[in-house]
Structure formats: structure tokens, C-alpha cells
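Engineer: Structure: start-v4.csv, CSV, C-alpha atoms.
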chain,number,residue,atom,x,y,z
A,1005,MET,CA,0.0,0.0,0.0
A,1006,SER,CA,1.5,3.3,-1.0
A,1007,VAL,CA,0.8,6.5,0.8
A,1008,ASP,CA,0.9,9.8,-1.1
A,1009,ASP,CA,3.5,12.1,0.3
A,1010,PRO,CA,2.0,15.6,0.2
A,1011,LEU,CA,5.4,17.1,0.2
A,1012,LYS,CA,6.5,15.2,-2.8
A,1013,GLU,CA,6.3,17.2,-6.0
A,1014,ASP,CA,3.9,15.9,-8.7
A,1015,PRO,CA,6.1,14.9,-11.7
A,1016,GLN,CA,3.4,16.1,-14.1
A,1017,THR,CA,3.4,19.7,-12.8
A,1018,MET,CA,6.8,20.2,-11.3
A,1019,HIS,CA,8.3,21.5,-14.5
A,1020,MET,CA,5.3,23.7,-15.6
A,1021,PRO,CA,6.2,27.4,-15.6
A,1022,LEU,CA,4.7,29.4,-12.8
A,1023,GLU,CA,2.0,31.9,-13.6
A,1024,THR,CA,2.6,35.3,-12.2
A,1025,VAL,CA,0.6,38.5,-12.2
A,1026,GLN,CA,2.2,41.8,-13.0
A,1027,LEU,CA,0.5,44.7,-11.2
A,1028,THR,CA,0.4,47.9,-13.1
A,1029,GLU,CA,1.9,51.0,-11.5
A,1030,ARG,CA,-1.6,52.3,-10.7
A,1031,GLN,CA,-2.7,49.0,-9.1
A,1032,MET,CA,0.4,48.9,-6.9
A,1033,LYS,CA,-0.1,52.5,-5.9
A,1034,ALA,CA,-3.7,51.9,-5.1
A,1035,ARG,CA,-2.9,48.8,-3.0
A,1036,ARG,CA,-0.3,50.7,-1.1
A,1037,MET,CA,-2.6,53.5,-0.3
A,1038,ARG,CA,-5.4,51.2,0.7
A,1039,SER,CA,-3.0,49.4,3.1
A,1040,VAL,CA,-2.0,52.7,4.6
A,1041,ALA,CA,-5.6,53.7,5.1
A,1042,ILE,CA,-6.5,50.4,6.7
A,1043,ALA,CA,-3.5,50.7,9.0
A,1044,LEU,CA,-4.5,54.3,10.0
A,1045,CYS,CA,-8.1,53.1,10.7
A,1046,LEU,CA,-6.8,50.3,12.9
A,1047,LEU,CA,-4.6,52.7,14.8
A,1048,GLY,CA,-7.5,54.9,15.3
A,1049,LEU,CA,-9.6,52.0,16.6
A,1050,VAL,CA,-6.9,51.1,19.1
A,1051,GLY,CA,-6.6,54.7,20.2
A,1052,ALA,CA,-10.4,55.0,20.6
A,1053,PHE,CA,-10.5,51.9,22.9
A,1054,TYR,CA,-7.5,53.1,24.9
A,1055,ALA,CA,-9.0,56.6,25.4
A,1056,ALA,CA,-12.4,55.2,26.2
A,1057,THR,CA,-10.9,52.8,28.8
A,1058,VAL,CA,-9.1,55.6,30.5
A,1059,VAL,CA,-12.3,57.7,30.5
A,1060,LYS,CA,-14.6,55.0,31.8
A,1061,PHE,CA,-12.3,53.5,34.5
A,1062,GLY,CA,-10.7,56.8,35.4
A,1063,PRO,CA,-7.0,57.8,35.2
A,1064,LYS,CA,-6.2,55.4,38.2
A,1065,ILE,CA,-6.2,52.6,35.7
A,1066,LEU,CA,-2.9,53.9,34.4
A,1067,ASP,CA,-1.3,53.8,37.9
A,1068,ARG,CA,-0.8,50.1,38.2
A,1069,PRO,CA,2.4,48.2,39.1
A,1070,MET,CA,4.2,46.5,36.3
A,1071,TYR,CA,4.5,43.4,38.5
A,1072,ILE,CA,3.2,42.1,41.8
A,1073,GLU,CA,5.7,40.8,44.3
A,1074,ARG,CA,5.1,37.4,45.8
A,1075,THR,CA,5.1,37.5,49.6
A,1076,ASN,CA,5.6,33.8,50.3
B,1484,MET,CA,13.2,27.8,-2.1
B,1485,SER,CA,14.2,29.9,-5.1
B,1486,VAL,CA,12.4,30.1,-8.4
B,1487,ASP,CA,14.3,29.9,-11.6
B,1488,THR,CA,12.9,32.8,-13.5
B,1489,ALA,CA,13.7,31.1,-16.8
B,1490,ASP,CA,10.9,28.6,-16.0
B,1491,THR,CA,8.2,31.3,-15.4
B,1492,GLN,CA,5.7,32.3,-18.0
B,1493,PRO,CA,5.6,36.0,-19.1
B,1494,ALA,CA,3.6,37.9,-16.4
B,1495,LEU,CA,-0.1,38.2,-16.8
B,1496,TYR,CA,-1.8,41.6,-16.1
B,1497,GLY,CA,-4.4,41.4,-13.4
B,1498,ASP,CA,-7.3,43.2,-15.0
B,1499,ASP,CA,-9.5,42.1,-12.1
B,1500,ILE,CA,-7.2,43.3,-9.4
B,1501,SER,CA,-8.5,46.4,-7.7
B,1502,SER,CA,-7.1,49.8,-8.5
B,1503,ALA,CA,-9.5,51.6,-6.2
B,1504,MET,CA,-8.0,54.4,-4.2
B,1505,PRO,CA,-9.1,55.2,-0.6
B,1506,SER,CA,-10.9,58.3,-2.1
B,1507,ASP,CA,-13.2,55.9,-4.0
B,1508,TYR,CA,-14.2,54.2,-0.8
B,1509,ILE,CA,-14.8,57.5,0.9
B,1510,ALA,CA,-17.0,58.5,-2.1
B,1511,LEU,CA,-19.0,55.3,-1.5
B,1512,MET,CA,-19.8,56.6,1.9
B,1513,LYS,CA,-21.6,59.7,0.5
B,1514,PRO,CA,-19.6,62.3,2.5
B,1515,ARG,CA,-22.2,65.1,1.9
B,1516,VAL,CA,-24.9,63.0,3.5
B,1517,MET,CA,-22.5,62.0,6.3
B,1518,ARG,CA,-21.9,65.7,7.1
B,1519,LEU,CA,-25.6,66.3,7.5
B,1520,VAL,CA,-26.0,63.2,9.6
B,1521,VAL,CA,-23.0,64.1,11.9
B,1522,PHE,CA,-24.3,67.7,12.3
B,1523,THR,CA,-27.9,66.7,13.2
B,1524,ALA,CA,-26.6,64.0,15.6
B,1525,LEU,CA,-24.3,66.6,17.2
B,1526,CYS,CA,-27.2,68.9,17.7
B,1527,GLY,CA,-29.2,66.1,19.2
B,1528,MET,CA,-26.4,65.5,21.6
B,1529,LEU,CA,-26.2,69.2,22.6
B,1530,ALA,CA,-30.0,69.5,23.0
B,1531,ALA,CA,-30.3,66.4,25.2
B,1532,PRO,CA,-30.3,66.8,29.0
B,1533,GLY,CA,-27.3,65.5,30.8
B,1534,SER,CA,-23.7,65.3,29.7
B,1535,ILE,CA,-21.2,62.9,28.2
B,1536,ASP,CA,-17.4,62.9,28.4
B,1537,PRO,CA,-16.0,64.8,25.4
B,1538,VAL,CA,-13.8,61.8,24.4
B,1539,LEU,CA,-16.9,59.5,24.3
B,1540,SER,CA,-18.9,62.1,22.4
B,1541,ILE,CA,-16.2,62.3,19.7
B,1542,ILE,CA,-16.1,58.5,19.5
B,1543,ALA,CA,-19.9,58.5,19.3
B,1544,ILE,CA,-19.9,61.0,16.5
B,1545,ILE,CA,-17.3,59.0,14.6
B,1546,CYS,CA,-19.3,55.8,15.0
B,1547,ILE,CA,-22.5,57.6,13.8
B,1548,ALA,CA,-20.6,59.0,10.8
B,1549,VAL,CA,-19.2,55.6,9.9
B,1550,GLY,CA,-22.6,54.0,10.3
B,1551,ALA,CA,-24.0,56.6,8.0
B,1552,GLY,CA,-21.2,55.9,5.5
B,1553,ALA,CA,-21.9,52.2,5.7
B,1554,SER,CA,-25.5,52.9,4.8
B,1555,GLY,CA,-24.4,54.9,1.8
B,1556,ALA,CA,-22.0,52.2,0.6
B,1557,LEU,CA,-24.8,49.6,0.9
B,1558,ASN,CA,-27.1,51.9,-1.0
B,1559,MET,CA,-24.6,52.4,-3.8
B,1560,TRP,CA,-24.0,48.6,-4.0
B,1561,TYR,CA,-27.7,47.9,-4.4
B,1562,ASP,CA,-28.5,50.9,-6.7
B,1563,ALA,CA,-25.4,50.4,-9.0
B,1564,ASP,CA,-27.7,49.6,-11.9
B,1565,ILE,CA,-29.9,52.7,-11.7
B,1566,ASP,CA,-26.9,54.9,-10.7
B,1567,ALA,CA,-25.4,54.0,-14.1
B,1568,ILE,CA,-28.6,55.4,-15.8
B,1569,MET,CA,-29.2,58.6,-14.0
B,1570,SER,CA,-27.1,61.6,-15.0
B,1571,ARG,CA,-26.8,62.7,-11.3
B,1572,THR,CA,-25.2,59.5,-10.3
B,1573,THR,CA,-23.1,58.2,-13.2
B,1574,LYS,CA,-19.9,59.4,-11.7
B,1575,ARG,CA,-20.3,57.3,-8.5
B,1576,PRO,CA,-17.5,54.8,-7.8
B,1577,ILE,CA,-19.4,51.7,-9.0
B,1578,PRO,CA,-20.8,53.0,-12.3
B,1579,ALA,CA,-17.5,54.7,-13.0
B,1580,GLY,CA,-15.8,51.3,-12.7
B,1581,ASN,CA,-13.5,52.2,-9.8
B,1582,VAL,CA,-15.0,49.8,-7.2
B,1583,THR,CA,-16.9,46.6,-7.9
B,1584,PRO,CA,-20.3,46.0,-6.4
B,1585,GLU,CA,-19.0,43.2,-4.2
B,1586,GLU,CA,-16.3,45.4,-2.8
B,1587,ALA,CA,-18.8,48.1,-2.0
B,1588,ARG,CA,-21.2,45.6,-0.3
B,1589,ASN,CA,-18.4,44.0,1.8
B,1590,PHE,CA,-17.1,47.5,2.7
B,1591,GLY,CA,-20.6,48.5,3.8
B,1592,LEU,CA,-21.2,45.4,5.9
B,1593,ILE,CA,-17.9,45.6,7.7
B,1594,LEU,CA,-18.3,49.3,8.5
B,1595,SER,CA,-21.9,48.6,9.7
B,1596,ILE,CA,-20.7,45.9,12.2
B,1597,ILE,CA,-17.7,47.8,13.4
B,1598,SER,CA,-19.6,51.1,14.0
B,1599,VAL,CA,-22.5,49.4,15.9
B,1600,LEU,CA,-20.2,47.3,18.1
B,1601,VAL,CA,-17.9,50.1,18.9
B,1602,LEU,CA,-20.7,52.5,19.7
B,1603,GLY,CA,-22.3,49.9,21.9
B,1604,MET,CA,-19.1,48.9,23.8
B,1605,LEU,CA,-17.8,52.4,24.3
B,1606,VAL,CA,-20.9,54.6,24.7
B,1607,ASN,CA,-24.2,52.8,25.3
B,1608,TRP,CA,-26.2,50.0,23.7
B,1609,ILE,CA,-29.4,52.0,23.2
B,1610,SER,CA,-27.7,54.3,20.8
B,1611,ALA,CA,-26.0,51.3,19.2
B,1612,ALA,CA,-29.4,49.6,18.7
B,1613,ILE,CA,-30.8,52.8,17.1
B,1614,LEU,CA,-27.7,53.0,14.8
B,1615,ALA,CA,-28.1,49.3,13.8
B,1616,PHE,CA,-31.8,49.9,13.1
B,1617,THR,CA,-31.1,53.1,11.1
B,1618,ILE,CA,-28.6,51.2,8.9
B,1619,PHE,CA,-31.0,48.3,8.4
B,1620,PHE,CA,-33.9,50.7,7.7
B,1621,TYR,CA,-31.9,52.7,5.0
B,1622,ALA,CA,-30.2,49.7,3.4
B,1623,VAL,CA,-33.0,47.2,3.5
B,1624,ILE,CA,-36.4,48.8,4.0
B,1625,TYR,CA,-35.7,51.9,1.9
B,1626,THR,CA,-33.1,50.9,-0.7
B,1627,MET,CA,-34.0,47.3,-1.4
B,1628,TRP,CA,-37.8,47.6,-0.9
B,1629,LEU,CA,-39.5,51.0,-0.9
B,1630,LYS,CA,-37.4,53.0,-3.3
B,1631,ARG,CA,-38.3,50.9,-6.4
B,1632,SER,CA,-41.8,49.9,-5.3
B,1633,THR,CA,-43.8,52.8,-4.1
B,1634,PRO,CA,-44.1,56.6,-4.6
B,1635,GLN,CA,-44.2,56.8,-0.8
B,1636,ASN,CA,-40.6,55.7,-0.8
B,1637,ILE,CA,-39.3,59.0,0.4
B,1638,VAL,CA,-42.0,59.6,3.0
B,1639,ILE,CA,-41.3,56.3,4.8
B,1640,GLY,CA,-37.6,56.0,3.9
B,1641,GLY,CA,-37.0,59.5,5.1
B,1642,ALA,CA,-37.1,58.1,8.6
B,1643,ALA,CA,-33.6,56.9,8.1
B,1644,GLY,CA,-32.4,60.4,7.7
B,1645,ALA,CA,-34.5,61.5,10.7
B,1646,PHE,CA,-32.9,59.1,13.2
B,1647,PRO,CA,-29.5,60.8,13.7
B,1648,PRO,CA,-30.7,63.6,16.1
B,1649,MET,CA,-32.6,61.0,18.0
B,1650,LEU,CA,-29.4,58.9,18.0
B,1651,GLY,CA,-27.3,61.9,19.3
B,1652,TRP,CA,-29.9,62.4,22.0
B,1653,ALA,CA,-29.7,58.8,23.1
B,1654,THR,CA,-25.9,58.8,23.3
B,1655,VAL,CA,-26.1,61.5,26.0
B,1656,SER,CA,-29.3,60.7,27.8
B,1657,GLY,CA,-29.2,56.9,27.4
B,1658,ASP,CA,-32.9,56.7,26.7
B,1659,LEU,CA,-35.5,57.6,24.1
B,1660,ALA,CA,-37.3,60.7,25.3
B,1661,TRP,CA,-39.9,62.9,23.6
B,1662,GLY,CA,-37.3,65.5,22.8
B,1663,GLY,CA,-35.5,63.1,20.5
B,1664,VAL,CA,-38.8,62.1,18.9
B,1665,VAL,CA,-39.6,65.8,18.1
B,1666,LEU,CA,-36.2,66.2,16.5
B,1667,PHE,CA,-36.9,63.0,14.5
B,1668,ALA,CA,-40.3,64.5,13.5
B,1669,ILE,CA,-38.7,67.7,12.2
B,1670,ILE,CA,-36.5,65.9,9.7
B,1671,PHE,CA,-39.2,63.3,8.9
B,1672,ILE,CA,-41.7,66.0,7.8
B,1673,TRP,CA,-39.0,68.0,6.0
B,1674,THR,CA,-37.9,65.1,3.9
B,1675,PRO,CA,-40.8,64.8,1.4
B,1676,PRO,CA,-40.9,68.4,0.2
B,1677,HIS,CA,-37.1,68.4,0.0
B,1678,PHE,CA,-36.8,65.3,-2.1
B,1679,TRP,CA,-39.9,66.0,-4.2
B,1680,ALA,CA,-38.4,69.3,-5.2
B,1681,LEU,CA,-35.5,67.4,-6.5
B,1682,ALA,CA,-37.8,64.8,-8.1
B,1683,LEU,CA,-39.7,67.5,-10.0
B,1684,TRP,CA,-36.4,68.9,-11.2
B,1685,LYS,CA,-35.0,65.4,-12.2
B,1686,MET,CA,-38.2,63.7,-13.3
B,1687,ARG,CA,-36.8,62.4,-16.6
B,1688,ASP,CA,-33.9,60.8,-14.8
B,1689,TYR,CA,-36.0,58.9,-12.3
B,1690,ASP,CA,-38.4,57.9,-15.2
B,1691,ASP,CA,-35.5,56.4,-17.2
B,1692,ALA,CA,-34.4,54.5,-14.1
B,1693,HIS,CA,-38.0,53.3,-13.4
B,1694,VAL,CA,-37.9,54.7,-9.8
B,1695,PRO,CA,-41.4,55.6,-8.8
B,1696,MET,CA,-40.9,59.0,-7.4
B,1697,MET,CA,-44.1,60.9,-6.6
B,1698,PRO,CA,-44.1,63.2,-9.7
B,1699,ASN,CA,-43.6,60.2,-12.0
B,1700,ALA,CA,-46.2,58.0,-10.2
B,1701,VAL,CA,-49.1,60.4,-9.4
B,1702,GLY,CA,-48.3,63.5,-11.4
B,1703,GLU,CA,-46.9,66.9,-10.7
B,1704,ALA,CA,-50.1,68.5,-9.5
B,1705,SER,CA,-50.6,66.0,-6.7
B,1706,THR,CA,-46.9,66.2,-5.8
B,1707,ARG,CA,-47.1,70.0,-5.4
B,1708,ASN,CA,-50.2,69.7,-3.3
B,1709,GLN,CA,-48.6,67.2,-0.9
B,1710,MET,CA,-45.4,69.3,-0.7
B,1711,LEU,CA,-47.5,72.3,0.4
B,1712,ALA,CA,-49.3,70.2,3.0
B,1713,TYR,CA,-46.0,68.8,4.5
B,1714,SER,CA,-44.5,72.3,4.6
B,1715,ALA,CA,-47.5,73.7,6.4
B,1716,VAL,CA,-47.2,70.9,9.0
B,1717,LEU,CA,-43.5,71.4,9.3
B,1718,LEU,CA,-43.9,75.0,10.7
B,1719,PRO,CA,-45.6,74.1,14.0
B,1720,ILE,CA,-43.4,71.1,14.5
B,1721,THR,CA,-40.3,73.2,14.4
B,1722,ILE,CA,-41.4,75.4,17.3
B,1723,LEU,CA,-42.1,72.3,19.5
B,1724,PRO,CA,-38.6,72.4,21.0
B,1725,ALA,CA,-39.3,75.9,22.4
B,1726,VAL,CA,-42.8,74.9,23.5
B,1727,MET,CA,-41.6,71.7,25.2
B,1728,GLY,CA,-38.8,73.6,27.0
B,1729,PHE,CA,-35.6,72.1,25.6
B,1730,ALA,CA,-35.0,75.2,23.5
B,1731,GLY,CA,-35.5,78.9,24.2
B,1732,ILE,CA,-37.8,81.5,22.7
B,1733,ALA,CA,-35.0,82.7,20.4
B,1734,PHE,CA,-34.9,79.3,18.8
B,1735,GLY,CA,-38.7,79.5,18.4
B,1736,VAL,CA,-38.4,82.8,16.6
B,1737,VAL,CA,-35.7,81.6,14.3
B,1738,ALA,CA,-37.7,78.4,13.6
B,1739,VAL,CA,-40.8,80.4,12.6
B,1740,GLY,CA,-38.7,82.6,10.3
B,1741,LEU,CA,-36.9,79.7,8.6
B,1742,SER,CA,-40.0,77.5,8.3
B,1743,GLY,CA,-42.1,80.4,7.2
B,1744,TYR,CA,-39.8,81.1,4.3
B,1745,PHE,CA,-39.7,77.3,3.5
B,1746,LEU,CA,-43.5,77.4,3.4
B,1747,TRP,CA,-43.4,80.5,1.1
B,1748,LEU,CA,-41.0,78.8,-1.3
B,1749,THR,CA,-43.2,75.7,-1.4
B,1750,TYR,CA,-46.2,77.9,-2.0
B,1751,LYS,CA,-44.4,79.4,-5.0
B,1752,VAL,CA,-43.7,75.9,-6.4
B,1753,TRP,CA,-47.4,75.1,-5.9
B,1754,LYS,CA,-48.6,78.3,-7.4
B,1755,ILE,CA,-46.3,78.4,-10.5
B,1756,ALA,CA,-47.2,74.7,-11.0
B,1757,GLY,CA,-44.4,74.1,-13.5
B,1758,ALA,CA,-45.2,77.0,-15.7
B,1759,ASP,CA,-41.5,77.9,-15.7
B,1760,GLU,CA,-39.7,75.5,-18.0
B,1761,LYS,CA,-36.5,76.0,-16.1
B,1762,LEU,CA,-38.1,75.0,-12.9
B,1763,ARG,CA,-36.4,77.8,-11.0
B,1764,ALA,CA,-38.8,77.6,-8.1
B,1765,GLU,CA,-38.2,73.9,-7.6
B,1766,LYS,CA,-34.4,74.4,-7.8
B,1767,HIS,CA,-34.6,77.3,-5.4
B,1768,LEU,CA,-36.7,75.3,-2.9
B,1769,PHE,CA,-34.3,72.3,-3.1
B,1770,GLY,CA,-31.3,74.5,-2.5
B,1771,TYR,CA,-33.0,76.3,0.3
B,1772,SER,CA,-34.2,73.1,2.0
B,1773,ILE,CA,-30.6,72.0,2.6
B,1774,ALA,CA,-29.5,75.3,4.0
B,1775,TYR,CA,-32.8,75.4,6.0
B,1776,LEU,CA,-32.1,72.2,7.9
B,1777,PHE,CA,-28.5,73.3,8.7
B,1778,ALA,CA,-29.7,76.7,9.9
B,1779,LEU,CA,-32.5,75.2,12.0
B,1780,PHE,CA,-30.3,72.7,13.8
B,1781,ALA,CA,-27.5,75.3,14.1
B,1782,ALA,CA,-29.9,77.5,15.9
B,1783,LEU,CA,-30.8,74.6,18.2
B,1784,ALA,CA,-27.1,73.9,18.8
B,1785,VAL,CA,-26.4,77.6,19.7
B,1786,ASP,CA,-29.4,77.7,22.0
B,1787,ALA,CA,-28.2,74.5,23.7
B,1788,ILE,CA,-24.6,75.8,24.0
B,1789,VAL,CA,-25.9,79.0,25.7
B,1790,TRP,CA,-28.0,76.9,28.0
B,1791,ARG,CA,-25.0,74.7,29.0
B,1792,ALA,CA,-22.8,77.8,29.5
B,1793,THR,CA,-25.2,80.0,31.4
B,1794,GLY,CA,-27.9,77.7,32.8
B,1795,ASP,CA,-30.6,79.5,30.8
B,1796,TYR,CA,-31.7,79.6,27.2
B,1797,ILE,CA,-31.4,82.6,25.0
B,1798,LEU,CA,-34.5,84.7,26.2
B,1799,GLY,CA,-35.6,81.8,28.3
B,1800,THR,CA,-38.3,79.2,27.7
B,1801,LEU,CA,-42.0,79.6,27.0
B,1802,ILE,CA,-43.0,77.4,29.9
Could I get this file's structure written as C-alpha cells?

Structural biologist:
Amino acid sequence: MSVDDPLKEDPQTMHMPLETVQLTERQMKARRMRSVAIALCLLGLVGAFYAATVVKFGPKILDRPMYIERTN
Amino acid sequence: MSVDTADTQPALYGDDISSAMPSDYIALMKPRVMRLVVFTALCGMLAAPGSIDPVLSIIAIICIAVGAGASGALNMWYDADIDAIMSRTTKRPIPAGNVTPEEARNFGLILSIISVLVLGMLVNWISAAILAFTIFFYAVIYTMWLKRSTPQNIVIGGAAGAFPPMLGWATVSGDLAWGGVVLFAIIFIWTPPHFWALALWKMRDYDDAHVPMMPNAVGEASTRNQMLAYSAVLLPITILPAVMGFAGIAFGVVAVGLSGYFLWLTYKVWKIAGADEKLRAEKHLFGYSIAYLFALFAALAVDAIVWRATGDYILGTLI
């Protein structure tokens, strides 16, 4: 009984040339700008949650020890 | 693992890869409508009793704006076919080929979910529920059902545009009070004469797109009669904030002046009855109706700011 090794390359396809897609200058620029916009939105979302947490719980929430010493 | 470039085919060009810019996605959100939504919601927040932390109020306004933008994107997704026909809308992102309908739909859905969840988690869940209902009402009830099936589309669908001040009120007060309902009523009654002025002006476009706007469905005369009726009802509604006590007499005076002129312009549209081929009365009414709503809610905001600063309204209240 033979077991197909998923890591073994298929002889029928291993020598077929790879298909690639060439983005145009406009497509690359658009993708870059969309990525920047999404990153800024995510930063804004993080900032909103941070600010709202401080507002709702009060500034004392920022005054917390970095670690708690064990007493025993 | 390196790839021997000699074994690769010549590159294909991805015609179906998006070249949409962020500005196209912003255009999907109908920024001009968003401005009005944000403004009326802010006025609702100022007019409501109580207070809210400024940081939370900014977050609430952003969530409301994003929710409004999501509604706009979903509307543009569903109406892409008629947008391509009407001259007023051919340059929108989908008919222009900048964004695919599927991209617009997914964008709208994601923004809807994020705006509602963030508003609920960071402000309160009553306002989040109203925002969710507003998005559903505009995208499903108005866009997918009413707009193409009944000449009363604007009358009922106008409720979507009337929710923002109620939404702003709920973010501050945490409840649905009569004050928010009155602000809702002002925009609800304003919407039909506002949109029918546009519809009279753009009758042919709506006809080509088979959208049953009132003038196309029941005729111009009936439309003008109804516009006059709505404008007459609008005037007493706009002084209710002063009568009910959450605005001062000064606001009442301004409201009478603005609404009185609105009624006068609508009367002119009714009286001229399309005798002017250039439809100047209709265009004038449409243009004024936009400025009217801004001015009315600006007066409400100024009144509320004075109240918050001094503990009293400008010239006091009627009761």
C-alpha cells in the first residue's frame, strides 16, 4: 500500500512554468494607499479603545504596578 | 526555495485586481450626506439633557458617521444599476468602474458591524441599537424595498435620515425621550418636500431608471399639493422644542422665520405649477431646503450651548 506524500512534487506539474501576475503602476499605488488607510483606521480604533478605557475607568487605571511581588 | 525565472511564463496583467483608491471608498460613503448626519446628531447631543465625556462624544460622532457611511455604501451597492442610468449618479464609484459592487457591499457590511459594536461597547447599547436599526432601515427597507416599489418611498424612507438627532440624544441621555422624537419628526416631515423638489427637477432621470418618485407616479399637481401640506405641518413642529422647554424663545423665533420662508417657497412651487420651464422655483426650494435644515439645527445647537454655559436659554423658555 502506497501512501501519497503531500510534500513530494507531482512529476506532471513540477516542470510547468509558474503563472505570475504583474500589477500595473496604478494598481500597486492603489494597493499601497489602501493598506496605509487600513493601518491608520486600525490605529484609530486602538486609540479609541484606549482613550475610552481611561475615561470609563478613570486615570487610576494607568497607575498600576508592572508586576506584583510574591510575599511567600 | 528559489524560483528559476527562466521557468516562469511571461507575467499576466491582473485586470480584475482592484485599483480603487481610498478616495473611491470615501466616495462610497456619501460624504455630503454624512456631514448632515453628523451635524444633526451633534445637535441632538447638545439638546439632550445630561452630559457625556468629550472623548466618548467624539467616539460616538465618529461611529455615527461611519454607520451613515456604511448605509451609503450599501445603498450604492444595491443601486449600482440605476446609478449608471441617472445623470446625477453616473460618476459614483461603481458606475465609474473604480469599485466593484461586491467590494462596496463588503465594505458597507464591515463598517456597519464595526460602527455598531464600537458604539455599543464604548458609549451605550441603546444608541448602538438605534444605529443598527437606522442602517437596516436605510439599506434594506428603503433601498431594497421601498425605493423601487412605491411613490411613498421618500416619505417612509425619510425616517432613516431622521434618526441621527434621536441617536445623538440617546448617546447623551441613554434613553428615548420625547425631545429626541420631536427632532426626529422635524426631519421626517422636512424630507418629502425636500426630495420631491429634486424629483420635480429630475423627473426624466427617475423615469429612465424606473424609480417611482411621486411626480412620476401620481403626477406633478398631486406632488405639489402634498409638498405644500407637508411644509404647512412642518412649521408648527419646528417650534415644539421651544414649547416643550428644551430650547429657548430665540430658537422658536428663528424656527418660525426659517420654516415660514420654507413654506413660502413651497407655495411658489405650488402656485407656479411648472409654468416655468427652467423649474427655478423647484431648484430654489431644493437648495434652500438643505440650507434650512443646517440653519435650524445650528440655531438649536447655539441655543443649547448658551444653556449649558449659562444655565438658561437665550431669552428663556415659553413654559

Engineer: List the spatial neighbours of Pro1532 (chain B) as a ChimeraX atom specification - criterion: any atom at most 9 Å away, only C-alpha atoms, same-chain residues fewer than 5 positions off excluded.

Structural biologist: /B:1652,1655-1656,1729

Engineer: Nearest to Leu1659 (chain B): which of B:Gly1527, B:Gly1640, B:Pro1537, B:Pro1505 is it, counting all atoms listed in the file?

Structural biologist: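 Of all the options, B:Gly1527 lies closest to Leu1659 (chain B).
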
Engineer: If you count all atoms listed in the file, which residues fall within 8 Å of region 1037-1053 of chain A, apart from same-chain ones fewer than 2 positions away, as a ChimeraX atom specification?

Structural biologist: /A:1033-1035,1055-1057 /B:1504-1505,1542,1605

Engineer: Can you work out which residues from chain A touch chain B at a cut-off of 6 Å (counting all atoms listed in the file) and hand them back as a ChimeraX atom specification?

Structural biologist: /A:1021-1026,1031,1034,1038

Engineer: What is the CA of Ile1547 (chain B) to CA of Ala1563 (chain B) distance in Å?

Structural biologist: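 If I compute the distance from CA of Ile1547 (chain B) to CA of Ala1563 (chain B), I get 24.1 Å.
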
Engineer: Rounded to one decimal, what separation in Å do you get between CA of Ile1593 (chain B) and CA of Asp1507 (chain B)?

Structural biologist: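 Calculated distance between CA of Ile1593 (chain B) and CA of Asp1507 (chain B) is 16.3 Å.
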
Engineer: Kindly give the distance, in Å, that separates CA of Glu1585 (chain B) and CA of Phe1646 (chain B), rounded to a single decimal.

Structural biologist: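 If I compute the distance from CA of Glu1585 (chain B) to CA of Phe1646 (chain B), I get 27.4 Å.
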
Engineer: Name the residues in contact with Leu1718 (chain B) at a cut-off of 10 Å, using all atoms listed in the file, excluding same-chain residues fewer than 5 positions from it; report them as a compact mmCIF listing (two decimals) with C-alpha atoms, in the coordinates of the input.

Structural biologist:
# COMPACT_ATOMS: atom_id res chain seq x y z
CA ILE B 1669 -38.70 67.70 12.20
CA ILE B 1672 -41.70 66.00 7.80
CA TRP B 1673 -39.00 68.00 6.00
CA TYR B 1713 -46.00 68.80 4.50
CA LEU B 1723 -42.10 72.30 19.50
CA ALA B 1738 -37.70 78.40 13.60
CA VAL B 1739 -40.80 80.40 12.60
CA GLY B 1740 -38.70 82.60 10.30
CA LEU B 1741 -36.90 79.70 8.60
CA SER B 1742 -40.00 77.50 8.30
CA GLY B 1743 -42.10 80.40 7.20
CA TYR B 1744 -39.80 81.10 4.30
CA PHE B 1745 -39.70 77.30 3.50
CA LEU B 1746 -43.50 77.40 3.40

Engineer: Name all residues at most 12 Å from Phe1769 (chain B) (count all atoms listed in the file; drop same-chain ones fewer than 6 positions away) and give them as a list of chain:residue names.

Structural biologist: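 Counting only the stated atoms, we get B:Trp1673, B:Thr1674, B:Pro1675, B:Pro1676, B:His1677, B:Phe1678, B:Trp1679, B:Ala1680, B:Leu1681, B:Ala1682, B:Leu1683, B:Trp1684, B:Lys1685, B:Met1710, B:Phe1745, B:Leu1748, B:Thr1749, B:Val1752, B:Leu1762, B:Arg1763, B:Tyr1775, B:Leu1776.
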
Engineer: Any chance you could work out the axis-aligned box around region 1588-1606 of chain B, listed atoms only, 5 Å on each side, giving centre and edge lengths in Å to one decimal, as lines of an AutoDock Vina configuration file?

Structural biologist:
center_x = -19.8
center_y = 49.3
center_z = 12.2
size_x = 15.4
size_y = 20.6
size_z = 35.0

Engineer: Between B:Ile1732, B:Val1623, B:Ala1756, B:Ala1660, which residue has the minimum interatomic distance to Ala1704 (chain B), considering all atoms listed in the file?

Structural biologist: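 Closest to Ala1704 (chain B), using all atoms listed in the file: B:Ala1756.
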
Engineer: Using the incomplete input, complete region 1061-1069 of chain A to the level of N, CA, C and O atoms; output as a short mmCIF file (atom, residue, chain, number, x, y, z; two decimals), in the frame of the given file.

Structural biologist:
data_model
loop_
_atom_site.label_atom_id
_atom_site.label_comp_id
_atom_site.auth_asym_id
_atom_site.auth_seq_id
_atom_site.Cartn_x
_atom_site.Cartn_y
_atom_site.Cartn_z
N PHE A 1061 -12.84 54.08 33.20
CA PHE A 1061 -12.30 53.50 34.50
C PHE A 1061 -11.60 54.59 35.29
O PHE A 1061 -11.27 54.34 36.44
N GLY A 1062 -11.34 55.74 34.71
CA GLY A 1062 -10.70 56.80 35.40
C GLY A 1062 -9.16 56.70 35.23
O GLY A 1062 -8.64 55.63 34.90
N PRO A 1063 -8.43 57.78 35.47
CA PRO A 1063 -7.00 57.80 35.20
C PRO A 1063 -6.23 56.83 36.17
O PRO A 1063 -5.10 56.47 35.88
N LYS A 1064 -6.89 56.36 37.24
CA LYS A 1064 -6.20 55.40 38.20
C LYS A 1064 -5.81 54.15 37.48
O LYS A 1064 -4.92 53.44 37.93
N ILE A 1065 -6.51 53.85 36.37
CA ILE A 1065 -6.20 52.60 35.70
C ILE A 1065 -4.78 52.60 35.14
O ILE A 1065 -4.18 51.55 34.90
N LEU A 1066 -4.26 53.81 34.91
CA LEU A 1066 -2.90 53.90 34.40
C LEU A 1066 -1.87 53.69 35.49
O LEU A 1066 -0.71 53.38 35.22
N ASP A 1067 -2.28 53.86 36.74
CA ASP A 1067 -1.30 53.80 37.90
C ASP A 1067 -1.37 52.39 38.46
O ASP A 1067 -1.94 52.16 39.52
N ARG A 1068 -0.81 51.47 37.71
CA ARG A 1068 -0.80 50.10 38.20
C ARG A 1068 0.65 49.59 38.16
O ARG A 1068 1.43 49.95 37.28
N PRO A 1069 1.02 48.75 39.13
CA PRO A 1069 2.40 48.20 39.10
C PRO A 1069 2.63 47.33 37.93
O PRO A 1069 1.73 46.65 37.46
#
